[in-house]
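Text of input-v8.txt (compact mmCIF, N, CA and C atoms) as supplied:
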```
# COMPACT_ATOMS: atom_id res chain seq x y z
N MET A 19 -13.66 -10.86 -24.25
CA MET A 19 -13.49 -9.74 -23.35
C MET A 19 -12.86 -8.57 -24.13
N ARG A 20 -13.39 -7.38 -23.92
CA ARG A 20 -12.87 -6.20 -24.60
C ARG A 20 -11.47 -5.88 -24.10
N LYS A 21 -10.70 -5.19 -24.96
CA LYS A 21 -9.32 -4.83 -24.61
C LYS A 21 -9.25 -3.97 -23.35
N ASP A 22 -10.13 -2.95 -23.23
CA ASP A 22 -10.07 -2.09 -22.05
C ASP A 22 -10.41 -2.86 -20.78
N ALA A 23 -11.30 -3.85 -20.86
CA ALA A 23 -11.62 -4.68 -19.69
C ALA A 23 -10.42 -5.54 -19.30
N ARG A 24 -9.68 -6.05 -20.29
CA ARG A 24 -8.47 -6.83 -20.01
C ARG A 24 -7.41 -5.96 -19.33
N VAL A 25 -7.26 -4.73 -19.82
CA VAL A 25 -6.29 -3.80 -19.22
C VAL A 25 -6.70 -3.49 -17.78
N GLN A 26 -7.97 -3.24 -17.56
CA GLN A 26 -8.45 -2.93 -16.21
C GLN A 26 -8.24 -4.11 -15.27
N ASP A 27 -8.50 -5.33 -15.75
CA ASP A 27 -8.25 -6.52 -14.93
C ASP A 27 -6.76 -6.67 -14.63
N ALA A 28 -5.92 -6.38 -15.61
CA ALA A 28 -4.46 -6.45 -15.41
C ALA A 28 -4.02 -5.41 -14.38
N ASN A 29 -4.62 -4.22 -14.43
CA ASN A 29 -4.26 -3.17 -13.47
C ASN A 29 -4.66 -3.57 -12.05
N LYS A 30 -5.81 -4.19 -11.90
CA LYS A 30 -6.24 -4.69 -10.59
C LYS A 30 -5.27 -5.77 -10.09
N ALA A 31 -4.90 -6.67 -10.99
CA ALA A 31 -3.98 -7.75 -10.62
C ALA A 31 -2.62 -7.17 -10.20
N LEU A 32 -2.18 -6.12 -10.87
CA LEU A 32 -0.91 -5.49 -10.53
C LEU A 32 -0.95 -4.93 -9.11
N ALA A 33 -2.05 -4.28 -8.75
CA ALA A 33 -2.20 -3.75 -7.39
C ALA A 33 -2.21 -4.88 -6.36
N ARG A 34 -2.96 -5.95 -6.64
CA ARG A 34 -2.99 -7.09 -5.71
C ARG A 34 -1.60 -7.71 -5.57
N TYR A 35 -0.87 -7.79 -6.67
CA TYR A 35 0.49 -8.34 -6.65
C TYR A 35 1.40 -7.52 -5.73
N TRP A 36 1.36 -6.19 -5.86
CA TRP A 36 2.21 -5.34 -5.02
C TRP A 36 1.82 -5.45 -3.55
N PHE A 37 0.52 -5.45 -3.27
CA PHE A 37 0.09 -5.59 -1.87
C PHE A 37 0.55 -6.92 -1.28
N ASP A 38 0.44 -7.98 -2.06
CA ASP A 38 0.82 -9.30 -1.57
C ASP A 38 2.34 -9.48 -1.52
N GLU A 39 2.98 -9.27 -2.64
CA GLU A 39 4.42 -9.55 -2.74
C GLU A 39 5.25 -8.45 -2.07
N GLY A 40 4.92 -7.18 -2.35
CA GLY A 40 5.69 -6.08 -1.79
C GLY A 40 5.38 -5.84 -0.33
N TRP A 41 4.11 -5.53 -0.03
CA TRP A 41 3.75 -5.18 1.35
C TRP A 41 3.71 -6.37 2.29
N THR A 42 2.96 -7.41 1.96
CA THR A 42 2.81 -8.52 2.90
C THR A 42 4.08 -9.35 3.01
N ARG A 43 4.69 -9.71 1.89
CA ARG A 43 5.90 -10.54 1.93
C ARG A 43 7.18 -9.72 2.14
N GLY A 44 7.09 -8.41 1.91
CA GLY A 44 8.26 -7.56 2.08
C GLY A 44 9.29 -7.72 0.98
N ASN A 45 8.89 -8.28 -0.16
CA ASN A 45 9.80 -8.49 -1.28
C ASN A 45 9.86 -7.22 -2.14
N VAL A 46 10.73 -6.30 -1.74
CA VAL A 46 10.82 -5.02 -2.43
C VAL A 46 11.55 -5.13 -3.78
N ASP A 47 12.16 -6.28 -4.05
CA ASP A 47 12.84 -6.47 -5.34
C ASP A 47 11.87 -6.39 -6.51
N VAL A 48 10.59 -6.63 -6.29
CA VAL A 48 9.62 -6.61 -7.38
C VAL A 48 9.19 -5.19 -7.75
N ALA A 49 9.63 -4.19 -7.01
CA ALA A 49 9.20 -2.80 -7.26
C ALA A 49 9.50 -2.37 -8.69
N ASP A 50 10.61 -2.81 -9.27
CA ASP A 50 10.95 -2.42 -10.64
C ASP A 50 9.99 -3.03 -11.66
N ARG A 51 9.28 -4.10 -11.29
CA ARG A 51 8.30 -4.72 -12.18
C ARG A 51 6.92 -4.10 -12.03
N VAL A 52 6.76 -3.26 -10.99
CA VAL A 52 5.46 -2.67 -10.69
C VAL A 52 5.43 -1.17 -11.00
N PHE A 53 6.51 -0.48 -10.65
CA PHE A 53 6.54 0.98 -10.72
C PHE A 53 7.45 1.48 -11.84
N ALA A 54 6.99 2.49 -12.56
CA ALA A 54 7.76 3.10 -13.65
C ALA A 54 8.96 3.85 -13.06
N PRO A 55 10.03 4.02 -13.85
CA PRO A 55 11.20 4.77 -13.36
C PRO A 55 10.84 6.18 -12.89
N GLY A 56 9.84 6.80 -13.50
CA GLY A 56 9.44 8.15 -13.10
C GLY A 56 8.22 8.16 -12.19
N PHE A 57 7.96 7.07 -11.49
CA PHE A 57 6.80 6.93 -10.61
C PHE A 57 6.67 8.14 -9.68
N VAL A 58 5.42 8.66 -9.58
CA VAL A 58 5.12 9.84 -8.77
C VAL A 58 4.21 9.44 -7.61
N LEU A 59 4.62 9.77 -6.41
CA LEU A 59 3.86 9.48 -5.20
C LEU A 59 3.47 10.78 -4.54
N GLY A 60 2.16 11.06 -4.47
CA GLY A 60 1.68 12.29 -3.85
C GLY A 60 2.25 13.54 -4.48
N GLY A 61 2.45 13.51 -5.81
CA GLY A 61 2.97 14.66 -6.53
C GLY A 61 4.48 14.75 -6.57
N GLU A 62 5.18 13.82 -5.92
CA GLU A 62 6.65 13.83 -5.84
C GLU A 62 7.23 12.66 -6.63
N PRO A 63 8.14 12.92 -7.60
CA PRO A 63 8.75 11.80 -8.32
C PRO A 63 9.72 11.04 -7.40
N VAL A 64 9.44 9.74 -7.20
CA VAL A 64 10.26 8.92 -6.30
C VAL A 64 10.77 7.65 -6.96
N GLY A 65 10.24 7.30 -8.14
CA GLY A 65 10.65 6.07 -8.81
C GLY A 65 10.33 4.86 -7.96
N PRO A 66 10.78 3.67 -8.35
CA PRO A 66 10.52 2.45 -7.59
C PRO A 66 11.16 2.47 -6.19
N GLU A 67 12.18 3.30 -5.99
CA GLU A 67 12.82 3.35 -4.68
C GLU A 67 11.89 3.90 -3.61
N GLY A 68 10.96 4.77 -3.97
CA GLY A 68 10.01 5.31 -2.99
C GLY A 68 9.18 4.22 -2.34
N PRO A 69 8.51 3.37 -3.12
CA PRO A 69 7.76 2.27 -2.51
C PRO A 69 8.66 1.29 -1.74
N ARG A 70 9.84 1.03 -2.24
CA ARG A 70 10.77 0.15 -1.51
C ARG A 70 11.06 0.71 -0.12
N ARG A 71 11.35 2.02 -0.06
CA ARG A 71 11.62 2.69 1.22
C ARG A 71 10.43 2.58 2.17
N SER A 72 9.23 2.82 1.64
CA SER A 72 8.02 2.76 2.46
C SER A 72 7.84 1.37 3.07
N VAL A 73 8.00 0.34 2.26
CA VAL A 73 7.84 -1.03 2.76
C VAL A 73 8.90 -1.34 3.82
N ARG A 74 10.14 -0.99 3.55
CA ARG A 74 11.21 -1.26 4.53
C ARG A 74 10.93 -0.57 5.87
N ARG A 75 10.50 0.68 5.83
CA ARG A 75 10.21 1.42 7.07
C ARG A 75 9.07 0.77 7.84
N ARG A 76 8.01 0.42 7.15
CA ARG A 76 6.86 -0.19 7.84
C ARG A 76 7.22 -1.57 8.41
N HIS A 77 7.98 -2.35 7.66
CA HIS A 77 8.37 -3.68 8.16
C HIS A 77 9.33 -3.57 9.34
N ALA A 78 10.12 -2.51 9.43
CA ALA A 78 10.99 -2.30 10.58
C ALA A 78 10.18 -1.96 11.83
N ALA A 79 9.02 -1.33 11.65
CA ALA A 79 8.19 -0.91 12.78
C ALA A 79 7.10 -1.92 13.13
N PHE A 80 6.71 -2.77 12.17
CA PHE A 80 5.57 -3.66 12.37
C PHE A 80 5.89 -5.07 11.89
N ALA A 81 5.80 -6.04 12.81
CA ALA A 81 6.01 -7.45 12.47
C ALA A 81 4.69 -8.05 11.97
N GLY A 82 4.82 -9.06 11.13
CA GLY A 82 3.64 -9.78 10.67
C GLY A 82 2.70 -8.92 9.85
N LEU A 83 3.22 -7.91 9.20
CA LEU A 83 2.40 -6.99 8.42
C LEU A 83 1.70 -7.74 7.28
N THR A 84 0.38 -7.61 7.23
CA THR A 84 -0.38 -8.18 6.13
C THR A 84 -1.30 -7.11 5.56
N VAL A 85 -1.57 -7.24 4.28
CA VAL A 85 -2.49 -6.33 3.60
C VAL A 85 -3.53 -7.18 2.89
N GLU A 86 -4.78 -6.94 3.22
CA GLU A 86 -5.89 -7.65 2.60
C GLU A 86 -6.59 -6.70 1.64
N VAL A 87 -6.66 -7.10 0.40
CA VAL A 87 -7.32 -6.28 -0.62
C VAL A 87 -8.82 -6.50 -0.53
N GLY A 88 -9.55 -5.39 -0.48
CA GLY A 88 -11.01 -5.45 -0.48
C GLY A 88 -11.52 -5.09 -1.87
N LEU A 89 -12.37 -4.12 -1.94
CA LEU A 89 -12.96 -3.69 -3.20
C LEU A 89 -11.93 -3.07 -4.13
N GLN A 90 -12.01 -3.43 -5.40
CA GLN A 90 -11.20 -2.80 -6.44
C GLN A 90 -12.12 -2.33 -7.55
N ILE A 91 -11.85 -1.12 -8.04
CA ILE A 91 -12.60 -0.55 -9.16
C ILE A 91 -11.59 0.00 -10.15
N ALA A 92 -11.79 -0.31 -11.42
CA ALA A 92 -10.88 0.17 -12.45
C ALA A 92 -11.67 0.87 -13.55
N GLU A 93 -11.08 1.96 -14.05
CA GLU A 93 -11.65 2.68 -15.17
C GLU A 93 -10.52 3.31 -15.94
N GLY A 94 -10.46 3.02 -17.23
CA GLY A 94 -9.36 3.53 -18.04
C GLY A 94 -8.04 3.11 -17.43
N PRO A 95 -7.08 4.04 -17.29
CA PRO A 95 -5.77 3.69 -16.74
C PRO A 95 -5.75 3.68 -15.20
N TRP A 96 -6.89 3.94 -14.56
CA TRP A 96 -6.95 4.08 -13.11
C TRP A 96 -7.46 2.81 -12.44
N VAL A 97 -6.89 2.49 -11.28
CA VAL A 97 -7.40 1.40 -10.46
C VAL A 97 -7.40 1.88 -9.01
N ALA A 98 -8.55 1.71 -8.36
CA ALA A 98 -8.71 2.07 -6.95
C ALA A 98 -8.83 0.78 -6.14
N THR A 99 -8.11 0.74 -5.04
CA THR A 99 -8.12 -0.45 -4.18
C THR A 99 -8.36 -0.03 -2.74
N TRP A 100 -9.37 -0.61 -2.13
CA TRP A 100 -9.59 -0.44 -0.70
C TRP A 100 -8.91 -1.61 -0.01
N PHE A 101 -8.13 -1.34 1.05
CA PHE A 101 -7.35 -2.40 1.69
C PHE A 101 -7.36 -2.25 3.21
N THR A 102 -7.06 -3.36 3.88
CA THR A 102 -6.96 -3.40 5.33
C THR A 102 -5.59 -3.94 5.70
N THR A 103 -4.92 -3.27 6.64
CA THR A 103 -3.62 -3.74 7.11
C THR A 103 -3.75 -4.24 8.55
N ARG A 104 -2.91 -5.23 8.87
CA ARG A 104 -2.82 -5.76 10.23
C ARG A 104 -1.35 -6.03 10.51
N ALA A 105 -0.94 -5.74 11.74
CA ALA A 105 0.46 -5.98 12.12
C ALA A 105 0.61 -5.84 13.63
N THR A 106 1.83 -6.09 14.10
CA THR A 106 2.18 -5.90 15.52
C THR A 106 3.30 -4.89 15.60
N HIS A 107 3.14 -3.91 16.46
CA HIS A 107 4.09 -2.79 16.61
C HIS A 107 5.34 -3.26 17.36
N VAL A 108 6.48 -3.35 16.65
CA VAL A 108 7.73 -3.85 17.25
C VAL A 108 8.89 -2.87 17.15
N GLY A 109 8.72 -1.76 16.45
CA GLY A 109 9.78 -0.77 16.29
C GLY A 109 9.19 0.62 16.36
N GLU A 110 10.03 1.62 16.55
CA GLU A 110 9.53 2.99 16.65
C GLU A 110 8.73 3.36 15.41
N PHE A 111 7.59 4.02 15.67
CA PHE A 111 6.74 4.48 14.58
C PHE A 111 6.08 5.77 15.02
N ALA A 112 6.15 6.80 14.19
CA ALA A 112 5.54 8.10 14.47
C ALA A 112 5.97 8.61 15.85
N GLY A 113 7.22 8.35 16.19
CA GLY A 113 7.75 8.80 17.47
C GLY A 113 7.29 7.98 18.67
N ILE A 114 6.63 6.87 18.42
CA ILE A 114 6.13 6.01 19.50
C ILE A 114 7.03 4.77 19.60
N ALA A 115 7.57 4.54 20.79
CA ALA A 115 8.41 3.37 21.03
C ALA A 115 7.58 2.10 20.87
N PRO A 116 8.23 0.97 20.58
CA PRO A 116 7.50 -0.29 20.39
C PRO A 116 6.57 -0.61 21.56
N THR A 117 5.35 -1.00 21.23
CA THR A 117 4.35 -1.32 22.25
C THR A 117 4.00 -2.80 22.28
N GLY A 118 4.30 -3.51 21.20
CA GLY A 118 3.90 -4.92 21.10
C GLY A 118 2.42 -5.10 20.79
N ARG A 119 1.73 -4.01 20.55
CA ARG A 119 0.29 -4.07 20.29
C ARG A 119 -0.04 -4.43 18.85
N PRO A 120 -1.11 -5.19 18.67
CA PRO A 120 -1.60 -5.41 17.31
C PRO A 120 -2.35 -4.17 16.84
N VAL A 121 -2.23 -3.86 15.57
CA VAL A 121 -2.93 -2.72 14.99
C VAL A 121 -3.61 -3.15 13.70
N THR A 122 -4.71 -2.47 13.42
CA THR A 122 -5.46 -2.68 12.18
C THR A 122 -5.86 -1.32 11.65
N SER A 123 -5.79 -1.15 10.34
CA SER A 123 -6.23 0.10 9.74
C SER A 123 -6.61 -0.13 8.29
N GLU A 124 -7.20 0.89 7.68
CA GLU A 124 -7.64 0.80 6.29
C GLU A 124 -7.11 1.96 5.46
N GLY A 125 -7.19 1.75 4.17
CA GLY A 125 -6.80 2.81 3.26
C GLY A 125 -7.38 2.59 1.88
N VAL A 126 -7.23 3.61 1.04
CA VAL A 126 -7.63 3.54 -0.36
C VAL A 126 -6.45 4.03 -1.19
N GLN A 127 -6.10 3.27 -2.17
CA GLN A 127 -5.00 3.61 -3.07
C GLN A 127 -5.56 3.81 -4.47
N LEU A 128 -5.16 4.87 -5.12
CA LEU A 128 -5.57 5.15 -6.49
C LEU A 128 -4.32 5.21 -7.34
N TRP A 129 -4.21 4.27 -8.28
CA TRP A 129 -3.05 4.20 -9.16
C TRP A 129 -3.45 4.55 -10.59
N ARG A 130 -2.51 5.21 -11.28
CA ARG A 130 -2.61 5.37 -12.73
C ARG A 130 -1.53 4.49 -13.33
N VAL A 131 -1.96 3.61 -14.23
CA VAL A 131 -1.06 2.61 -14.82
C VAL A 131 -0.92 2.89 -16.31
N GLU A 132 0.31 2.90 -16.79
CA GLU A 132 0.59 3.05 -18.22
C GLU A 132 1.56 1.97 -18.64
N ASP A 133 1.23 1.28 -19.71
CA ASP A 133 2.09 0.22 -20.27
C ASP A 133 2.49 -0.79 -19.21
N GLY A 134 1.55 -1.13 -18.31
CA GLY A 134 1.78 -2.17 -17.32
C GLY A 134 2.57 -1.76 -16.10
N LEU A 135 2.90 -0.47 -15.97
CA LEU A 135 3.65 0.01 -14.81
C LEU A 135 2.90 1.17 -14.16
N VAL A 136 2.99 1.26 -12.84
CA VAL A 136 2.34 2.35 -12.11
C VAL A 136 3.15 3.62 -12.29
N VAL A 137 2.48 4.68 -12.74
CA VAL A 137 3.16 5.95 -12.95
C VAL A 137 2.78 6.99 -11.91
N GLU A 138 1.64 6.76 -11.22
CA GLU A 138 1.19 7.74 -10.23
C GLU A 138 0.38 7.05 -9.15
N ASP A 139 0.56 7.49 -7.92
CA ASP A 139 -0.18 6.96 -6.76
C ASP A 139 -0.73 8.11 -5.95
N ARG A 140 -2.01 8.05 -5.68
CA ARG A 140 -2.68 8.95 -4.73
C ARG A 140 -3.33 8.02 -3.73
N ASN A 141 -3.12 8.26 -2.45
CA ASN A 141 -3.71 7.35 -1.48
C ASN A 141 -4.12 8.06 -0.21
N VAL A 142 -5.02 7.41 0.50
CA VAL A 142 -5.47 7.87 1.80
C VAL A 142 -5.36 6.66 2.72
N PHE A 143 -4.61 6.82 3.82
CA PHE A 143 -4.44 5.74 4.79
C PHE A 143 -4.79 6.29 6.16
N ASP A 144 -5.52 5.52 6.94
CA ASP A 144 -5.96 5.98 8.25
C ASP A 144 -4.83 5.86 9.28
N LEU A 145 -3.85 6.72 9.14
CA LEU A 145 -2.70 6.74 10.04
C LEU A 145 -3.13 7.07 11.47
N TRP A 146 -4.12 7.96 11.62
CA TRP A 146 -4.60 8.32 12.95
C TRP A 146 -5.12 7.09 13.70
N LYS A 147 -5.76 6.18 12.99
CA LYS A 147 -6.26 4.96 13.63
C LYS A 147 -5.10 4.13 14.17
N VAL A 148 -4.01 4.04 13.43
CA VAL A 148 -2.83 3.31 13.89
C VAL A 148 -2.26 3.98 15.13
N VAL A 149 -2.02 5.28 15.06
CA VAL A 149 -1.45 6.02 16.19
C VAL A 149 -2.36 5.92 17.41
N SER A 150 -3.65 6.02 17.23
CA SER A 150 -4.60 5.90 18.34
C SER A 150 -4.49 4.54 19.02
N GLN A 151 -4.34 3.49 18.23
CA GLN A 151 -4.20 2.15 18.81
C GLN A 151 -2.89 2.01 19.58
N LEU A 152 -1.84 2.66 19.10
CA LEU A 152 -0.54 2.58 19.78
C LEU A 152 -0.52 3.40 21.07
N ARG A 153 -1.26 4.50 21.10
CA ARG A 153 -1.28 5.38 22.27
C ARG A 153 -2.35 5.02 23.29
N ALA A 154 -3.25 4.13 22.94
CA ALA A 154 -4.35 3.79 23.85
C ALA A 154 -3.80 3.28 25.19
N THR A 155 -4.47 3.64 26.28
CA THR A 155 -4.03 3.20 27.59
C THR A 155 -4.55 1.82 27.95
N SER A 156 -5.57 1.35 27.22
CA SER A 156 -6.05 -0.02 27.39
C SER A 156 -6.32 -0.58 26.01
N PRO A 157 -6.27 -1.90 25.87
CA PRO A 157 -6.44 -2.51 24.54
C PRO A 157 -7.77 -2.21 23.87
N ASN A 158 -8.80 -1.84 24.62
CA ASN A 158 -10.13 -1.62 24.03
C ASN A 158 -10.41 -0.16 23.73
N GLU A 159 -9.46 0.73 23.90
CA GLU A 159 -9.69 2.16 23.63
C GLU A 159 -9.74 2.43 22.16
```
Translate this structure into C-alpha cells?
Amino acid sequence: MRKDARVQDANKALARYWFDEGWTRGNVDVADRVFAPGFVLGGEPVGPEGPRRSVRRRHAAFAGLTVEVGLQIAEGPWVATWFTTRATHVGEFAGIAPTGRPVTSEGVQLWRVEDGLVVEDRNVFDLWKVVSQLRATSPNE
C-alpha cells in the first residue's frame, strides 16, 4: 500500500474513532489525541476544548446519542465523512424544552489532518431537521 493511501486510511480511522469514542460514548478525554492544540472549527481557533464543549452540550440535551458513519472519502490531508445521528431529546436545545422525542439527522464533516491530528474542521449538519422534529405537533410531521 502506498504511503498516501495509508495516511488517508489513518485519517478515516481517526474520524471514525472520534465519532464513536467522543460523540457516541461521550468520552471527551480523547480529544487531545484527536485534535491539535491549534484546532480550528469554522474558522475559529478552539483547540481540543471546542469539540469537548460541543459533545458535552449535545449529551446534556440528548440521551442515547449515537453517530453512525456512512461514506468516507479521503484525499491528501483531507477526509470527508457523511454521518447520521440519533438520540432522544431530554434537555433544552435551541431554546426548546425537553420533549422526550427521538430525533435523527445527518451531516458532513470535512477534516484536515496533519501529523495524525485534526487541525481544521468544516462541517454541515442538518440542524433544521432536528429542530423540526422537536417542534412537530405530531410524531409523523
Just the residues within 12 Å of region 87-94 of chain A, please, counting only C-alpha atoms, with nothing from its chain fewer than 3 positions along; format it as an mmCIF file with N, CA and C atoms, keeping the file's coordinate frame.
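Printed below is selection.cif as written:
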```
data_model
loop_
_atom_site.group_PDB
_atom_site.id
_atom_site.type_symbol
_atom_site.label_atom_id
_atom_site.label_comp_id
_atom_site.auth_asym_id
_atom_site.auth_seq_id
_atom_site.Cartn_x
_atom_site.Cartn_y
_atom_site.Cartn_z
ATOM 1 N N LYS A 21 -10.700 -5.190 -24.960
ATOM 2 C CA LYS A 21 -9.320 -4.830 -24.610
ATOM 3 C C LYS A 21 -9.250 -3.970 -23.350
ATOM 4 N N ASP A 22 -10.130 -2.950 -23.230
ATOM 5 C CA ASP A 22 -10.070 -2.090 -22.050
ATOM 6 C C ASP A 22 -10.410 -2.860 -20.780
ATOM 7 N N ALA A 23 -11.300 -3.850 -20.860
ATOM 8 C CA ALA A 23 -11.620 -4.680 -19.690
ATOM 9 C C ALA A 23 -10.420 -5.540 -19.300
ATOM 10 N N ARG A 24 -9.680 -6.050 -20.290
ATOM 11 C CA ARG A 24 -8.470 -6.830 -20.010
ATOM 12 C C ARG A 24 -7.410 -5.960 -19.330
ATOM 13 N N VAL A 25 -7.260 -4.730 -19.820
ATOM 14 C CA VAL A 25 -6.290 -3.800 -19.220
ATOM 15 C C VAL A 25 -6.700 -3.490 -17.780
ATOM 16 N N GLN A 26 -7.970 -3.240 -17.560
ATOM 17 C CA GLN A 26 -8.450 -2.930 -16.210
ATOM 18 C C GLN A 26 -8.240 -4.110 -15.270
ATOM 19 N N ASP A 27 -8.500 -5.330 -15.750
ATOM 20 C CA ASP A 27 -8.250 -6.520 -14.930
ATOM 21 C C ASP A 27 -6.760 -6.670 -14.630
ATOM 22 N N ALA A 28 -5.920 -6.380 -15.610
ATOM 23 C CA ALA A 28 -4.460 -6.450 -15.410
ATOM 24 C C ALA A 28 -4.020 -5.410 -14.380
ATOM 25 N N ASN A 29 -4.620 -4.220 -14.430
ATOM 26 C CA ASN A 29 -4.260 -3.170 -13.470
ATOM 27 C C ASN A 29 -4.660 -3.570 -12.050
ATOM 28 N N LYS A 30 -5.810 -4.190 -11.900
ATOM 29 C CA LYS A 30 -6.240 -4.690 -10.590
ATOM 30 C C LYS A 30 -5.270 -5.770 -10.090
ATOM 31 N N ALA A 31 -4.900 -6.670 -10.990
ATOM 32 C CA ALA A 31 -3.980 -7.750 -10.620
ATOM 33 C C ALA A 31 -2.620 -7.170 -10.200
ATOM 34 N N LEU A 32 -2.180 -6.120 -10.870
ATOM 35 C CA LEU A 32 -0.910 -5.490 -10.530
ATOM 36 C C LEU A 32 -0.950 -4.930 -9.110
ATOM 37 N N ALA A 33 -2.050 -4.280 -8.750
ATOM 38 C CA ALA A 33 -2.200 -3.750 -7.390
ATOM 39 C C ALA A 33 -2.210 -4.880 -6.360
ATOM 40 N N ARG A 34 -2.960 -5.950 -6.640
ATOM 41 C CA ARG A 34 -2.990 -7.090 -5.710
ATOM 42 C C ARG A 34 -1.600 -7.710 -5.570
ATOM 43 N N TYR A 35 -0.870 -7.790 -6.670
ATOM 44 C CA TYR A 35 0.490 -8.340 -6.650
ATOM 45 C C TYR A 35 1.400 -7.520 -5.730
ATOM 46 N N TRP A 36 1.360 -6.190 -5.860
ATOM 47 C CA TRP A 36 2.210 -5.340 -5.020
ATOM 48 C C TRP A 36 1.820 -5.450 -3.550
ATOM 49 N N PHE A 37 0.520 -5.450 -3.270
ATOM 50 C CA PHE A 37 0.090 -5.590 -1.870
ATOM 51 C C PHE A 37 0.550 -6.920 -1.280
ATOM 52 N N ASP A 38 0.440 -7.980 -2.060
ATOM 53 C CA ASP A 38 0.820 -9.300 -1.570
ATOM 54 C C ASP A 38 2.340 -9.480 -1.520
ATOM 55 N N TRP A 41 4.110 -5.530 -0.030
ATOM 56 C CA TRP A 41 3.750 -5.180 1.350
ATOM 57 C C TRP A 41 3.710 -6.370 2.290
ATOM 58 N N THR A 42 2.960 -7.410 1.960
ATOM 59 C CA THR A 42 2.810 -8.520 2.900
ATOM 60 C C THR A 42 4.080 -9.350 3.010
ATOM 61 N N THR A 84 0.380 -7.610 7.230
ATOM 62 C CA THR A 84 -0.380 -8.180 6.130
ATOM 63 C C THR A 84 -1.300 -7.110 5.560
ATOM 64 N N VAL A 97 -6.890 2.490 -11.280
ATOM 65 C CA VAL A 97 -7.400 1.400 -10.460
ATOM 66 C C VAL A 97 -7.400 1.880 -9.010
ATOM 67 N N ALA A 98 -8.550 1.710 -8.360
ATOM 68 C CA ALA A 98 -8.710 2.070 -6.950
ATOM 69 C C ALA A 98 -8.830 0.780 -6.140
ATOM 70 N N THR A 99 -8.110 0.740 -5.040
ATOM 71 C CA THR A 99 -8.120 -0.450 -4.180
ATOM 72 C C THR A 99 -8.360 -0.030 -2.740
ATOM 73 N N TRP A 100 -9.370 -0.610 -2.130
ATOM 74 C CA TRP A 100 -9.590 -0.440 -0.700
ATOM 75 C C TRP A 100 -8.910 -1.610 -0.010
ATOM 76 N N PHE A 101 -8.130 -1.340 1.050
ATOM 77 C CA PHE A 101 -7.350 -2.400 1.690
ATOM 78 C C PHE A 101 -7.360 -2.250 3.210
ATOM 79 N N THR A 102 -7.060 -3.360 3.880
ATOM 80 C CA THR A 102 -6.960 -3.400 5.330
ATOM 81 C C THR A 102 -5.590 -3.940 5.700
ATOM 82 N N THR A 103 -4.920 -3.270 6.640
ATOM 83 C CA THR A 103 -3.620 -3.740 7.110
ATOM 84 C C THR A 103 -3.750 -4.240 8.550
ATOM 85 N N ARG A 104 -2.910 -5.230 8.870
ATOM 86 C CA ARG A 104 -2.820 -5.760 10.230
ATOM 87 C C ARG A 104 -1.350 -6.030 10.510
ATOM 88 N N GLU A 124 -7.200 0.890 7.680
ATOM 89 C CA GLU A 124 -7.640 0.800 6.290
ATOM 90 C C GLU A 124 -7.110 1.960 5.460
ATOM 91 N N GLY A 125 -7.190 1.750 4.170
ATOM 92 C CA GLY A 125 -6.800 2.810 3.260
ATOM 93 C C GLY A 125 -7.380 2.590 1.880
ATOM 94 N N VAL A 126 -7.230 3.610 1.040
ATOM 95 C CA VAL A 126 -7.630 3.540 -0.360
ATOM 96 C C VAL A 126 -6.450 4.030 -1.190
ATOM 97 N N GLN A 127 -6.100 3.270 -2.170
ATOM 98 C CA GLN A 127 -5.000 3.610 -3.070
ATOM 99 C C GLN A 127 -5.560 3.810 -4.470
ATOM 100 N N LEU A 128 -5.160 4.870 -5.120
ATOM 101 C CA LEU A 128 -5.570 5.150 -6.490
ATOM 102 C C LEU A 128 -4.320 5.210 -7.340
ATOM 103 N N TRP A 129 -4.210 4.270 -8.280
ATOM 104 C CA TRP A 129 -3.050 4.200 -9.160
ATOM 105 C C TRP A 129 -3.450 4.550 -10.590
ATOM 106 N N ARG A 130 -2.510 5.210 -11.280
ATOM 107 C CA ARG A 130 -2.610 5.370 -12.730
ATOM 108 C C ARG A 130 -1.530 4.490 -13.330
ATOM 109 N N VAL A 131 -1.960 3.610 -14.230
ATOM 110 C CA VAL A 131 -1.060 2.610 -14.820
ATOM 111 C C VAL A 131 -0.920 2.890 -16.310
ATOM 112 N N GLU A 132 0.310 2.900 -16.790
ATOM 113 C CA GLU A 132 0.590 3.050 -18.220
ATOM 114 C C GLU A 132 1.560 1.970 -18.640
#
```
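Nearest-residue note for Ala54 (chain A): choosing from A:Val136, A:Trp146, A:Arg76, A:Val108, the minimum distance belongs to A:Val136, counting all atoms listed in the file.
Restricting the calculation to only C-alpha atoms, the smallest distance between Arg153 (chain A) and any of A:Leu83, A:Val121, A:Leu135, A:Ala49 is found for A:Val121.
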Using the file's own x, y and z axes, so that the box edges lie along x, y and z, what centre and edge lengths in Å (one decimal) does a box around every listed atom of region 67-82 of chain A get when 8 Å is added on each side? Give it as JSON.
```
{"center_x": 7.8, "center_y": -2.2, "center_z": 3.6, "size_x": 26.1, "size_y": 31.1, "size_z": 35.1}
```
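Residue nearest Val85 (chain A), chosen from A:Arg71, A:Arg119, A:His107, A:Arg43 and counting all atoms listed in the file: A:Arg43.
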Within 8 Å of (0.3, 7.6, 18.9), in the coordinates the file gives, what residues turn up when you count only C-alpha atoms, written out as a PyMOL selection string? chain A and resi 112-114+146+148-154
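Counting from CA of Gly40 (chain A), the distance to CA of Ala78 (chain A) is 14.0 Å.
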